[in-house]
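The file final_10.cif contains mmCIF, C-alpha atoms:
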data_target
#
loop_
_atom_site.label_atom_id
_atom_site.label_comp_id
_atom_site.auth_asym_id
_atom_site.auth_seq_id
_atom_site.Cartn_x
_atom_site.Cartn_y
_atom_site.Cartn_z
CA MET A 24 24.73 -22.10 29.49
CA ALA A 25 23.17 -23.11 26.19
CA PRO A 26 19.68 -21.82 25.41
CA ALA A 27 16.79 -24.23 25.89
CA ALA A 28 15.77 -26.18 22.81
CA ILE A 29 12.67 -24.91 21.10
CA PRO A 30 9.94 -27.59 21.04
CA ASP A 31 8.45 -28.73 17.74
CA ASN A 32 5.01 -27.46 18.76
CA HIS A 33 6.36 -23.96 19.48
CA GLN A 34 4.03 -21.30 18.09
CA LEU A 35 6.05 -18.90 15.98
CA HIS A 36 5.61 -15.30 17.05
CA VAL A 37 6.06 -12.50 14.50
CA PHE A 38 6.32 -8.78 15.20
CA LEU A 39 5.03 -6.54 12.40
CA PHE A 40 6.19 -2.92 12.53
CA PRO A 41 4.78 -0.75 9.72
CA VAL A 42 5.74 2.83 9.03
CA MET A 43 2.90 5.01 10.30
CA ALA A 44 1.04 5.68 7.06
CA GLN A 45 -2.38 4.42 6.02
CA SER A 46 -1.14 2.90 2.78
CA LEU A 47 1.58 1.00 4.67
CA MET A 48 -0.35 -0.02 7.78
CA ILE A 49 -3.25 -1.55 5.84
CA PRO A 50 -1.15 -4.14 3.93
CA MET A 51 0.87 -4.89 7.07
CA VAL A 52 -2.37 -5.77 8.90
CA ASP A 53 -3.20 -8.05 5.96
CA VAL A 54 0.21 -9.71 6.34
CA ALA A 55 -0.54 -10.22 10.05
CA ARG A 56 -3.78 -11.95 9.04
CA LEU A 57 -1.90 -14.23 6.63
CA PHE A 58 0.52 -15.35 9.33
CA ALA A 59 -2.22 -15.79 11.94
CA ALA A 60 -4.32 -17.84 9.52
CA ARG A 61 -1.32 -20.20 9.20
CA GLY A 62 -1.14 -20.67 12.98
CA LEU A 63 1.37 -17.99 13.95
CA LYS A 64 0.98 -15.38 16.65
CA SER A 65 1.01 -11.93 15.02
CA THR A 66 1.72 -8.76 16.96
CA ILE A 67 1.36 -5.40 15.23
CA ILE A 68 3.50 -2.60 16.68
CA THR A 69 2.13 0.91 16.39
CA THR A 70 1.60 4.18 18.24
CA PRO A 71 -1.32 5.29 20.45
CA LEU A 72 -3.38 7.19 17.87
CA ASN A 73 -2.76 4.65 15.10
CA ALA A 74 -3.57 1.79 17.47
CA MET A 75 -7.22 2.84 17.56
CA SER A 76 -7.78 2.16 13.87
CA VAL A 77 -5.54 -0.93 13.79
CA SER A 78 -7.28 -2.50 16.79
CA LYS A 79 -10.67 -1.88 15.25
CA SER A 80 -9.48 -3.47 12.01
CA VAL A 81 -8.33 -6.72 13.62
CA GLU A 82 -11.13 -7.06 16.18
CA ARG A 83 -13.13 -9.42 13.96
CA ASP A 84 -10.01 -11.51 13.40
CA ARG A 85 -9.50 -11.91 17.14
CA LEU A 86 -13.15 -12.81 17.65
CA SER A 87 -12.84 -15.47 14.95
CA GLY A 88 -9.94 -17.05 16.82
CA LEU A 89 -6.91 -15.65 15.01
CA ASN A 90 -4.01 -14.80 17.30
CA ILE A 91 -3.50 -11.15 16.36
CA ASN A 92 -2.47 -8.58 18.94
CA VAL A 93 -1.55 -4.91 19.03
CA GLN A 94 1.34 -3.48 21.07
CA ILE A 95 1.67 0.27 21.57
CA ILE A 96 4.88 2.27 21.73
CA PRO A 97 5.06 6.05 22.22
CA PHE A 98 5.63 8.28 19.23
CA PRO A 99 7.93 11.22 20.13
CA GLY A 100 6.55 13.58 17.51
CA VAL A 101 6.62 16.69 19.70
CA GLU A 102 10.20 15.95 20.76
CA ALA A 103 11.14 15.73 17.06
CA GLY A 104 9.51 19.10 16.33
CA LEU A 105 6.09 17.99 15.06
CA PRO A 106 2.79 19.50 16.25
CA GLU A 107 1.03 17.47 18.92
CA GLY A 108 -1.25 14.72 17.65
CA ILE A 109 0.62 13.88 14.43
CA GLU A 110 1.51 10.20 14.32
CA CYS A 111 0.79 9.34 10.69
CA LEU A 112 2.35 10.36 7.37
CA ASN A 113 -1.12 11.14 6.06
CA GLU A 114 -1.28 14.02 8.54
CA ILE A 115 1.84 15.74 7.21
CA THR A 116 0.81 19.17 5.91
CA SER A 117 4.13 20.63 4.71
CA PRO A 118 7.37 19.27 3.22
CA GLU A 119 9.35 20.65 6.16
CA MET A 120 7.54 18.23 8.47
CA MET A 121 8.79 15.15 6.61
CA PRO A 122 12.33 14.98 8.09
CA LYS A 123 10.87 15.63 11.54
CA PHE A 124 8.47 12.74 11.14
CA PHE A 125 11.23 10.32 10.25
CA ARG A 126 13.39 11.73 13.02
CA ALA A 127 10.58 10.75 15.39
CA MET A 128 10.45 7.31 13.72
CA ASP A 129 14.15 6.96 14.44
CA MET A 130 13.51 7.81 18.10
CA VAL A 131 11.13 4.86 18.58
CA GLN A 132 14.12 2.52 18.32
CA GLU A 133 14.61 2.35 22.08
CA PRO A 134 11.02 1.49 23.09
CA PHE A 135 10.86 -0.98 20.22
CA GLU A 136 13.98 -2.75 21.44
CA LYS A 137 12.46 -2.94 24.92
CA LEU A 138 9.43 -4.70 23.43
CA LEU A 139 11.73 -7.14 21.64
CA GLU A 140 13.46 -7.93 24.92
CA GLU A 141 10.16 -8.40 26.70
CA HIS A 142 8.34 -10.56 24.14
CA ARG A 143 11.21 -12.25 22.27
CA PRO A 144 9.45 -12.73 18.91
CA ASP A 145 10.89 -15.28 16.52
CA PHE A 146 11.17 -12.78 13.68
CA VAL A 147 10.27 -9.23 12.75
CA VAL A 148 8.63 -7.84 9.60
CA ALA A 149 9.30 -4.11 9.22
CA ASP A 150 8.84 -1.57 6.42
CA LYS A 151 11.57 -0.05 4.48
CA ILE A 152 10.52 3.18 3.15
CA GLU A 153 12.06 4.94 0.21
CA MET A 154 12.44 8.72 0.02
CA SER A 155 13.50 10.98 -2.80
CA THR A 156 14.47 14.63 -3.07
CA ALA A 157 11.15 15.28 -4.84
CA GLN A 158 9.32 14.62 -1.60
CA ILE A 159 11.16 16.96 0.72
CA PRO A 160 12.57 20.50 0.75
CA SER A 161 15.74 21.19 -1.22
CA HIS A 162 17.93 22.57 1.55
CA SER A 163 21.02 21.08 3.17
CA GLU A 164 19.21 19.45 6.08
CA SER A 165 16.99 17.58 3.62
CA SER A 166 19.96 16.44 1.55
CA ASN A 167 21.57 15.01 4.67
CA PHE A 168 18.25 13.45 5.60
CA VAL A 169 17.94 11.67 2.24
CA PHE A 170 21.51 10.41 2.52
CA GLU A 171 20.93 9.07 6.03
CA MET A 172 17.64 7.42 5.02
CA GLN A 173 19.27 5.68 2.06
CA LYS A 174 22.12 4.54 4.27
CA LYS A 175 19.70 3.07 6.83
CA ILE A 176 17.69 1.32 4.12
CA SER A 177 20.88 -0.29 2.77
CA GLU A 178 21.92 -1.40 6.26
CA PHE A 179 18.47 -2.80 6.91
CA GLU A 180 18.50 -4.85 3.71
CA VAL A 181 21.97 -6.25 4.42
CA ASN A 182 21.04 -7.27 7.95
CA SER A 183 17.63 -8.74 7.10
CA LYS A 184 16.96 -12.31 6.03
CA GLY A 185 15.08 -11.10 2.97
CA ILE A 186 11.99 -9.16 1.96
CA LEU A 187 8.26 -9.86 1.73
CA VAL A 188 6.86 -8.66 -1.57
CA ASN A 189 3.23 -7.64 -1.96
CA SER A 190 3.06 -9.14 -5.43
CA PHE A 191 2.90 -12.55 -7.08
CA TYR A 192 5.61 -14.20 -9.15
CA GLU A 193 3.59 -14.48 -12.36
CA LEU A 194 2.98 -10.73 -12.44
CA GLU A 195 6.64 -9.74 -12.60
CA PRO A 196 8.86 -12.82 -13.00
CA ALA A 197 11.79 -10.87 -14.47
CA TYR A 198 11.96 -8.61 -11.41
CA ALA A 199 11.66 -11.57 -9.05
CA GLU A 200 14.47 -13.43 -10.78
CA HIS A 201 16.68 -10.33 -10.89
CA TYR A 202 16.36 -9.82 -7.15
CA LYS A 203 17.12 -13.46 -6.41
CA ILE A 204 19.83 -14.21 -8.97
CA VAL A 205 21.51 -10.89 -9.74
CA LEU A 206 21.25 -9.25 -6.32
CA GLY A 207 21.51 -12.53 -4.44
CA ARG A 208 18.76 -11.65 -1.96
CA LYS A 209 15.86 -13.73 -0.71
CA ALA A 210 12.36 -12.54 -1.52
CA TRP A 211 9.02 -14.11 -0.78
CA HIS A 212 6.21 -13.00 -3.10
CA ILE A 213 3.15 -13.48 -0.89
CA GLY A 214 0.70 -11.09 -2.55
CA PRO A 215 -1.72 -9.83 -3.51
CA ILE A 216 -2.24 -9.83 0.25
CA SER A 217 -5.34 -7.63 0.24
CA PHE A 218 -7.11 -10.19 -1.93
CA LEU A 219 -7.06 -12.61 1.02
CA ASN A 220 -8.67 -10.08 3.34
CA GLU A 221 -11.83 -11.63 4.73
CA HIS A 222 -13.68 -8.45 3.79
CA ALA A 223 -12.99 -9.00 0.08
CA ALA A 224 -16.06 -9.04 -2.13
CA ASP A 225 -18.01 -12.24 -2.52
CA LYS A 226 -16.95 -13.91 -5.75
CA ALA A 227 -20.59 -14.56 -6.52
CA GLN A 228 -21.11 -10.84 -6.93
CA ARG A 229 -18.62 -10.66 -9.74
CA GLY A 230 -19.82 -10.65 -13.30
CA LYS A 231 -19.32 -8.94 -16.60
CA LYS A 232 -17.88 -5.46 -16.11
CA SER A 233 -20.15 -2.68 -17.27
CA ALA A 234 -19.09 0.64 -18.68
CA ILE A 235 -19.20 3.79 -16.58
CA ASP A 236 -22.75 5.03 -17.05
CA GLU A 237 -23.61 8.56 -18.05
CA GLN A 238 -24.53 9.75 -14.56
CA TYR A 239 -21.26 8.72 -13.00
CA PHE A 240 -19.29 9.87 -15.98
CA ARG A 241 -20.61 13.37 -15.26
CA LEU A 242 -19.56 12.98 -11.64
CA PHE A 243 -16.15 11.84 -12.87
CA ILE A 244 -15.82 15.06 -14.85
CA HIS A 245 -16.60 17.05 -11.71
CA LEU A 246 -13.58 15.51 -9.99
CA VAL A 247 -11.23 17.51 -12.20
CA VAL A 248 -10.69 20.78 -10.36
CA ARG A 249 -8.37 23.74 -10.66
CA LYS A 250 -7.44 24.12 -7.02
CA ILE A 251 -7.66 22.09 -3.85
CA LYS A 252 -8.19 23.57 -0.43
CA LYS A 253 -7.43 22.02 2.93
CA VAL A 254 -10.67 21.32 4.79
CA ASP A 255 -12.22 18.78 7.14
CA GLU A 256 -9.37 17.44 9.26
CA ASP A 257 -6.63 17.35 6.66
CA ARG A 258 -8.78 15.76 3.97
CA PHE A 259 -8.71 17.49 0.61
CA LEU A 260 -11.87 18.64 -1.13
CA PRO A 261 -12.20 21.47 -3.62
CA THR A 262 -14.11 24.57 -2.60
CA GLY A 263 -17.78 24.14 -3.46
CA PHE A 264 -17.32 20.47 -4.35
CA GLU A 265 -20.14 19.14 -2.17
CA GLU A 266 -22.63 21.62 -3.60
CA ARG A 267 -21.70 20.70 -7.18
CA VAL A 268 -22.08 16.93 -6.67
CA LYS A 269 -25.06 17.03 -4.30
CA GLY A 270 -27.55 14.40 -5.38
CA ARG A 271 -25.20 12.92 -7.99
CA GLY A 272 -23.05 10.59 -5.96
CA LEU A 273 -21.40 9.70 -2.67
CA ILE A 274 -18.49 11.45 -0.98
CA ILE A 275 -16.37 9.08 1.10
CA ARG A 276 -14.48 11.10 3.70
CA ASP A 277 -12.54 8.28 5.30
CA TRP A 278 -10.52 5.34 3.99
CA ALA A 279 -12.71 3.67 1.36
CA PRO A 280 -13.27 -0.12 1.08
CA GLN A 281 -11.51 0.05 -2.24
CA LEU A 282 -11.21 -3.66 -2.97
CA LEU A 283 -14.93 -4.13 -2.41
CA ILE A 284 -15.63 -1.27 -4.80
CA LEU A 285 -13.24 -2.48 -7.49
CA ASP A 286 -14.59 -6.01 -7.26
CA HIS A 287 -18.16 -4.85 -7.91
CA GLN A 288 -19.58 -5.87 -11.26
CA ALA A 289 -20.62 -2.28 -12.07
CA VAL A 290 -17.04 -1.00 -12.08
CA GLY A 291 -15.57 -0.82 -15.54
CA GLY A 292 -12.50 1.32 -14.94
CA PHE A 293 -10.39 2.84 -12.19
CA MET A 294 -8.59 6.18 -12.24
CA THR A 295 -5.63 5.81 -9.91
CA HIS A 296 -2.58 7.71 -8.70
CA CYS A 297 -0.70 4.41 -9.08
CA GLY A 298 0.07 3.54 -5.49
CA TRP A 299 1.12 -0.13 -5.45
CA ASN A 300 -1.69 -1.25 -3.12
CA SER A 301 -4.31 0.25 -5.42
CA LEU A 302 -2.72 -1.25 -8.53
CA LEU A 303 -2.67 -4.74 -7.02
CA GLU A 304 -6.29 -4.44 -5.94
CA SER A 305 -7.29 -3.35 -9.43
CA ILE A 306 -5.22 -6.15 -10.98
CA SER A 307 -6.85 -8.70 -8.67
CA ALA A 308 -10.31 -7.44 -9.62
CA GLY A 309 -9.48 -7.45 -13.35
CA VAL A 310 -10.27 -3.74 -13.73
CA LEU A 311 -8.62 -1.56 -16.37
CA MET A 312 -6.85 1.56 -15.13
CA ILE A 313 -6.50 5.20 -16.06
CA THR A 314 -3.19 6.28 -14.56
CA TRP A 315 -2.55 9.69 -13.01
CA PRO A 316 0.63 9.47 -10.89
CA MET A 317 1.68 12.32 -8.63
CA PHE A 318 5.13 11.56 -7.20
CA THR A 319 7.98 9.09 -6.59
CA ASP A 320 7.35 5.41 -7.39
CA GLN A 321 3.91 6.13 -8.80
CA PHE A 322 5.54 7.04 -12.12
CA TYR A 323 7.43 3.74 -12.23
CA ASN A 324 4.21 1.90 -11.40
CA GLU A 325 2.46 3.71 -14.23
CA ILE A 326 5.07 2.48 -16.70
CA PHE A 327 4.59 -1.07 -15.42
CA ILE A 328 0.82 -0.87 -15.89
CA THR A 329 0.72 0.95 -19.24
CA GLN A 330 3.84 -0.39 -20.97
CA VAL A 331 4.76 -3.72 -19.39
CA ILE A 332 1.53 -5.58 -18.61
CA LYS A 333 -0.56 -3.15 -20.69
CA ILE A 334 -3.84 -3.02 -18.77
CA GLY A 335 -4.09 0.75 -18.39
CA THR A 336 -3.72 4.02 -20.21
CA LEU A 337 -2.03 7.27 -19.23
CA LEU A 338 -3.98 10.39 -18.29
CA GLY A 339 -1.90 12.72 -16.15
CA PRO A 340 1.28 14.76 -16.63
CA LYS A 341 4.69 13.15 -16.84
CA GLU A 342 5.79 14.47 -13.45
CA HIS A 343 4.17 16.27 -10.57
CA ASN A 344 4.63 16.55 -6.83
CA TRP A 345 1.83 17.87 -4.65
CA LEU A 346 4.30 18.66 -1.86
CA ASP A 347 6.10 21.15 -4.09
CA SER A 348 3.11 23.00 -5.52
CA LYS A 349 -0.04 24.74 -4.40
CA ASN A 350 -2.25 23.62 -7.27
CA VAL A 351 -2.91 20.22 -8.80
CA SER A 352 -1.71 19.94 -12.41
CA LEU A 353 -4.60 20.33 -14.78
CA VAL A 354 -6.01 17.71 -17.05
CA LYS A 355 -8.69 19.12 -19.30
CA ASN A 356 -12.16 17.66 -19.50
CA ASP A 357 -11.86 16.74 -23.16
CA LYS A 358 -8.73 14.66 -22.40
CA ILE A 359 -10.62 12.78 -19.68
CA GLU A 360 -13.59 12.20 -21.95
CA MET A 361 -11.32 10.89 -24.68
CA VAL A 362 -9.44 8.50 -22.37
CA VAL A 363 -12.57 7.16 -20.65
CA SER A 364 -14.40 6.69 -23.94
CA TRP A 365 -11.41 4.86 -25.43
CA LEU A 366 -10.93 2.62 -22.39
CA MET A 367 -14.59 1.68 -22.17
CA GLY A 368 -15.13 1.45 -25.91
CA ASP A 369 -15.27 -1.47 -28.32
CA GLY A 370 -11.98 -0.79 -30.06
CA GLU A 371 -9.61 -3.69 -30.63
CA ASP A 372 -6.94 -2.30 -28.29
CA ALA A 373 -9.43 -1.83 -25.46
CA LYS A 374 -10.82 -5.33 -25.95
CA ASN A 375 -7.31 -6.78 -25.81
CA MET A 376 -6.60 -4.84 -22.63
CA ARG A 377 -9.76 -6.19 -20.99
CA LYS A 378 -8.78 -9.70 -22.02
CA ARG A 379 -5.29 -9.28 -20.51
CA ALA A 380 -6.74 -7.79 -17.35
CA LYS A 381 -9.01 -10.81 -16.92
CA GLU A 382 -6.14 -13.25 -17.52
CA ILE A 383 -3.87 -11.49 -15.01
CA SER A 384 -6.73 -11.35 -12.50
CA GLU A 385 -7.12 -15.13 -12.75
CA MET A 386 -3.36 -15.54 -12.19
CA ALA A 387 -3.62 -13.38 -9.07
CA LYS A 388 -6.43 -15.52 -7.67
CA LYS A 389 -4.62 -18.78 -8.38
CA SER A 390 -1.40 -17.50 -6.80
CA VAL A 391 -2.97 -17.22 -3.34
CA GLU A 392 -4.85 -20.51 -3.49
CA GLU A 393 -3.33 -23.66 -2.04
CA GLY A 394 -0.66 -24.79 -4.48
CA GLY A 395 -0.28 -21.31 -5.98
CA SER A 396 3.00 -19.41 -6.11
CA SER A 397 2.20 -16.93 -3.33
CA TYR A 398 0.77 -19.65 -1.12
CA ALA A 399 3.94 -21.69 -1.67
CA ASP A 400 6.21 -18.69 -0.94
CA LEU A 401 4.43 -18.03 2.36
CA THR A 402 4.73 -21.73 3.26
CA SER A 403 8.44 -21.61 2.41
CA LEU A 404 8.95 -18.54 4.58
CA ILE A 405 7.21 -20.08 7.60
CA GLU A 406 9.15 -23.34 7.25
CA GLU A 407 12.41 -21.43 6.99
CA MET A 408 11.55 -19.52 10.17
CA ARG A 409 10.81 -22.78 11.97
CA ILE A 410 14.17 -24.17 10.96
CA TYR A 411 15.91 -20.93 11.94
CA THR A 412 14.39 -20.92 15.45
CA LYS A 413 15.76 -24.39 16.10
CA LYS A 414 19.37 -23.43 15.34
#
What would the structure in this file look like if it were written as structure tokens?
Amino acid sequence: MAPAAIPDNHQLHVFLFPVMAQSLMIPMVDVARLFAARGLKSTIITTPLNAMSVSKSVERDRLSGLNINVQIIPFPGVEAGLPEGIECLNEITSPEMMPKFFRAMDMVQEPFEKLLEEHRPDFVVADKIEMSTAQIPSHSESSNFVFEMQKKISEFEVNSKGILVNSFYELEPAYAEHYKIVLGRKAWHIGPISFLNEHAADKAQRGKKSAIDEQYFRLFIHLVVRKIKKVDEDRFLPTGFEERVKGRGLIIRDWAPQLLILDHQAVGGFMTHCGWNSLLESISAGVLMITWPMFTDQFYNEIFITQVIKIGTLLGPKEHNWLDSKNVSLVKNDKIEMVVSWLMGDGEDAKNMRKRAKEISEMAKKSVEEGGSSYADLTSLIEEMRIYTKK
């Protein structure tokens, strides 16, 4: 018996299944908002402990009428060898826990497939996550783990219809064309997705960027420490840090509203570890960057920022991995002072960088507006899904 025809007024339903990590769940929630704002039903799949923060994040969207839901599946962390209560990559405290975490991720396949059978979404958006030997222990089990992860990523890419890219075409056209023409894969550049978040700063608050004033420059110097110690529920603060900065600034213990901060007119520069979400938010806000990568793709991102689009300058060491060392690599105060002074100064190079940053920021804004490249890519994706569901 042939399946029933799908009516033209059928509301497309998308499942979004992020890897359990703050930096991956946040943009996936933003993607859910994008789809819901275009009339789709968005369902975010996550685990019990992560569901609390995700549900809180989308509550305002639901109250405003967007069709965003959260579905919970169990996370078998204990069965995979993890301590009880660990459901997020941010809670990993040793390199040996990494393979166990992804083993648990692999074990959610069965409950996820049950959800698919029950709800029958029209399509699924899921992370691919890349691992390298620098992130995990160097014993045989880890080597096998890396091999298996790479194999699964390759299989996932082959079997998927394409990838959603948290970027915009004008930012990296050569990469976009390479993926489409050379690799022959579909890619929809729908970013910068965080810029469309309804909690983004009011454009009216934006103005001429000011330099980092003397008070906060001194606080900035205090951030360079010799050792870090694990305190306060797996958040890292140096011993004695609060006493040293008391009365000089604000300590944010939880996930910061980074885009709001970067978009503020008082922010003149951003020191970043070069995670892609942070870079895109800084690019969207037109803020220059001081780059201090720590591991994996952060080093590639640094090259893109400092050598390709040239809106940042290097600060940190060439390579470092916090998972493999007890102490953070040192950057001396005089190096920080030199880099900050140069970036915020009136030199010709710094002026040119600020000009480029502003131009790229304007491109980012236009890309997500109606008629922009990211807006058009999202429209193309939705239309393709509508056609696919009718086959």
Using only C-alpha atoms, determine which residues lie at most 12 Å from Cys297 of chain A, disregarding the query and same-chain residues fewer than 2 positions distant; provide the list as a PyMOL selection string. chain A and resi 46+293-295+299-306+312-329+335-339
Mind telling me what the PyMOL selection byres ((chain A and resi 103) around 10) catches here, as a short mmCIF file (atom, residue, chain, number, x, y, z; two decimals) with C-alpha atoms, in the frame of the given file?
data_model
loop_
_atom_site.label_atom_id
_atom_site.label_comp_id
_atom_site.auth_asym_id
_atom_site.auth_seq_id
_atom_site.Cartn_x
_atom_site.Cartn_y
_atom_site.Cartn_z
CA PHE A 98 5.63 8.28 19.23
CA PRO A 99 7.93 11.22 20.13
CA GLY A 100 6.55 13.58 17.51
CA VAL A 101 6.62 16.69 19.70
CA GLU A 102 10.20 15.95 20.76
CA GLY A 104 9.51 19.10 16.33
CA LEU A 105 6.09 17.99 15.06
CA PRO A 106 2.79 19.50 16.25
CA MET A 120 7.54 18.23 8.47
CA PRO A 122 12.33 14.98 8.09
CA LYS A 123 10.87 15.63 11.54
CA PHE A 124 8.47 12.74 11.14
CA PHE A 125 11.23 10.32 10.25
CA ARG A 126 13.39 11.73 13.02
CA ALA A 127 10.58 10.75 15.39
CA MET A 128 10.45 7.31 13.72
CA ASP A 129 14.15 6.96 14.44
CA MET A 130 13.51 7.81 18.10
#
Who sits within 12 Å of segment 72-85 of chain A, all atoms listed in the file, same chain under 6 positions skipped, as a PDB file with C-alpha atoms, keeping the file's coordinate frame:
ATOM      1  CA  PHE A  40       6.190  -2.920  12.530  1.00  0.00           C
ATOM      2  CA  PRO A  41       4.780  -0.750   9.720  1.00  0.00           C
ATOM      3  CA  VAL A  42       5.740   2.830   9.030  1.00  0.00           C
ATOM      4  CA  MET A  43       2.900   5.010  10.300  1.00  0.00           C
ATOM      5  CA  ALA A  44       1.040   5.680   7.060  1.00  0.00           C
ATOM      6  CA  GLN A  45      -2.380   4.420   6.020  1.00  0.00           C
ATOM      7  CA  LEU A  47       1.580   1.000   4.670  1.00  0.00           C
ATOM      8  CA  MET A  48      -0.350  -0.020   7.780  1.00  0.00           C
ATOM      9  CA  ILE A  49      -3.250  -1.550   5.840  1.00  0.00           C
ATOM     10  CA  PRO A  50      -1.150  -4.140   3.930  1.00  0.00           C
ATOM     11  CA  MET A  51       0.870  -4.890   7.070  1.00  0.00           C
ATOM     12  CA  VAL A  52      -2.370  -5.770   8.900  1.00  0.00           C
ATOM     13  CA  ASP A  53      -3.200  -8.050   5.960  1.00  0.00           C
ATOM     14  CA  VAL A  54       0.210  -9.710   6.340  1.00  0.00           C
ATOM     15  CA  ALA A  55      -0.540 -10.220  10.050  1.00  0.00           C
ATOM     16  CA  ARG A  56      -3.780 -11.950   9.040  1.00  0.00           C
ATOM     17  CA  LEU A  57      -1.900 -14.230   6.630  1.00  0.00           C
ATOM     18  CA  PHE A  58       0.520 -15.350   9.330  1.00  0.00           C
ATOM     19  CA  ALA A  59      -2.220 -15.790  11.940  1.00  0.00           C
ATOM     20  CA  ALA A  60      -4.320 -17.840   9.520  1.00  0.00           C
ATOM     21  CA  LYS A  64       0.980 -15.380  16.650  1.00  0.00           C
ATOM     22  CA  SER A  65       1.010 -11.930  15.020  1.00  0.00           C
ATOM     23  CA  THR A  66       1.720  -8.760  16.960  1.00  0.00           C
ATOM     24  CA  ILE A  91      -3.500 -11.150  16.360  1.00  0.00           C
ATOM     25  CA  ASN A  92      -2.470  -8.580  18.940  1.00  0.00           C
ATOM     26  CA  VAL A  93      -1.550  -4.910  19.030  1.00  0.00           C
ATOM     27  CA  GLN A  94       1.340  -3.480  21.070  1.00  0.00           C
ATOM     28  CA  ILE A  95       1.670   0.270  21.570  1.00  0.00           C
ATOM     29  CA  ILE A  96       4.880   2.270  21.730  1.00  0.00           C
ATOM     30  CA  PRO A  97       5.060   6.050  22.220  1.00  0.00           C
ATOM     31  CA  PHE A  98       5.630   8.280  19.230  1.00  0.00           C
ATOM     32  CA  GLY A 100       6.550  13.580  17.510  1.00  0.00           C
ATOM     33  CA  GLU A 107       1.030  17.470  18.920  1.00  0.00           C
ATOM     34  CA  GLY A 108      -1.250  14.720  17.650  1.00  0.00           C
ATOM     35  CA  ILE A 109       0.620  13.880  14.430  1.00  0.00           C
ATOM     36  CA  GLU A 110       1.510  10.200  14.320  1.00  0.00           C
ATOM     37  CA  CYS A 111       0.790   9.340  10.690  1.00  0.00           C
ATOM     38  CA  LEU A 112       2.350  10.360   7.370  1.00  0.00           C
ATOM     39  CA  ASN A 113      -1.120  11.140   6.060  1.00  0.00           C
ATOM     40  CA  GLU A 114      -1.280  14.020   8.540  1.00  0.00           C
ATOM     41  CA  ASN A 220      -8.670 -10.080   3.340  1.00  0.00           C
ATOM     42  CA  GLU A 221     -11.830 -11.630   4.730  1.00  0.00           C
ATOM     43  CA  HIS A 222     -13.680  -8.450   3.790  1.00  0.00           C
ATOM     44  CA  ASP A 277     -12.540   8.280   5.300  1.00  0.00           C
ATOM     45  CA  TRP A 278     -10.520   5.340   3.990  1.00  0.00           C
TER      46      TRP A 278
END
So what do you get for atom CA of Val362 of chain A versus atom CA of Ala380 of chain A, distance-wise?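 Taking atom CA of Val362 of chain A as the start and atom CA of Ala380 of chain A as the end point, the length is 17.3 Å.
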What separation in Å, quoted to one decimal, exists between atom CA of Ile68 of chain A and atom CA of Ser307 of chain A?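 Result for atom CA of Ile68 of chain A versus atom CA of Ser307 of chain A: 28.1 Å, one decimal.
The two atoms in question, atom CA of Gly62 of chain A and atom CA of Leu404 of chain A, are spaced 13.3 Å apart.
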Restricting the calculation to all atoms listed in the file, which member of A:Pro215, A:Gly368, A:Gly291, A:Gly298 is positioned closest to Ser397 of chain A?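 Among the listed residues, A:Pro215 lies closest to Ser397 of chain A.
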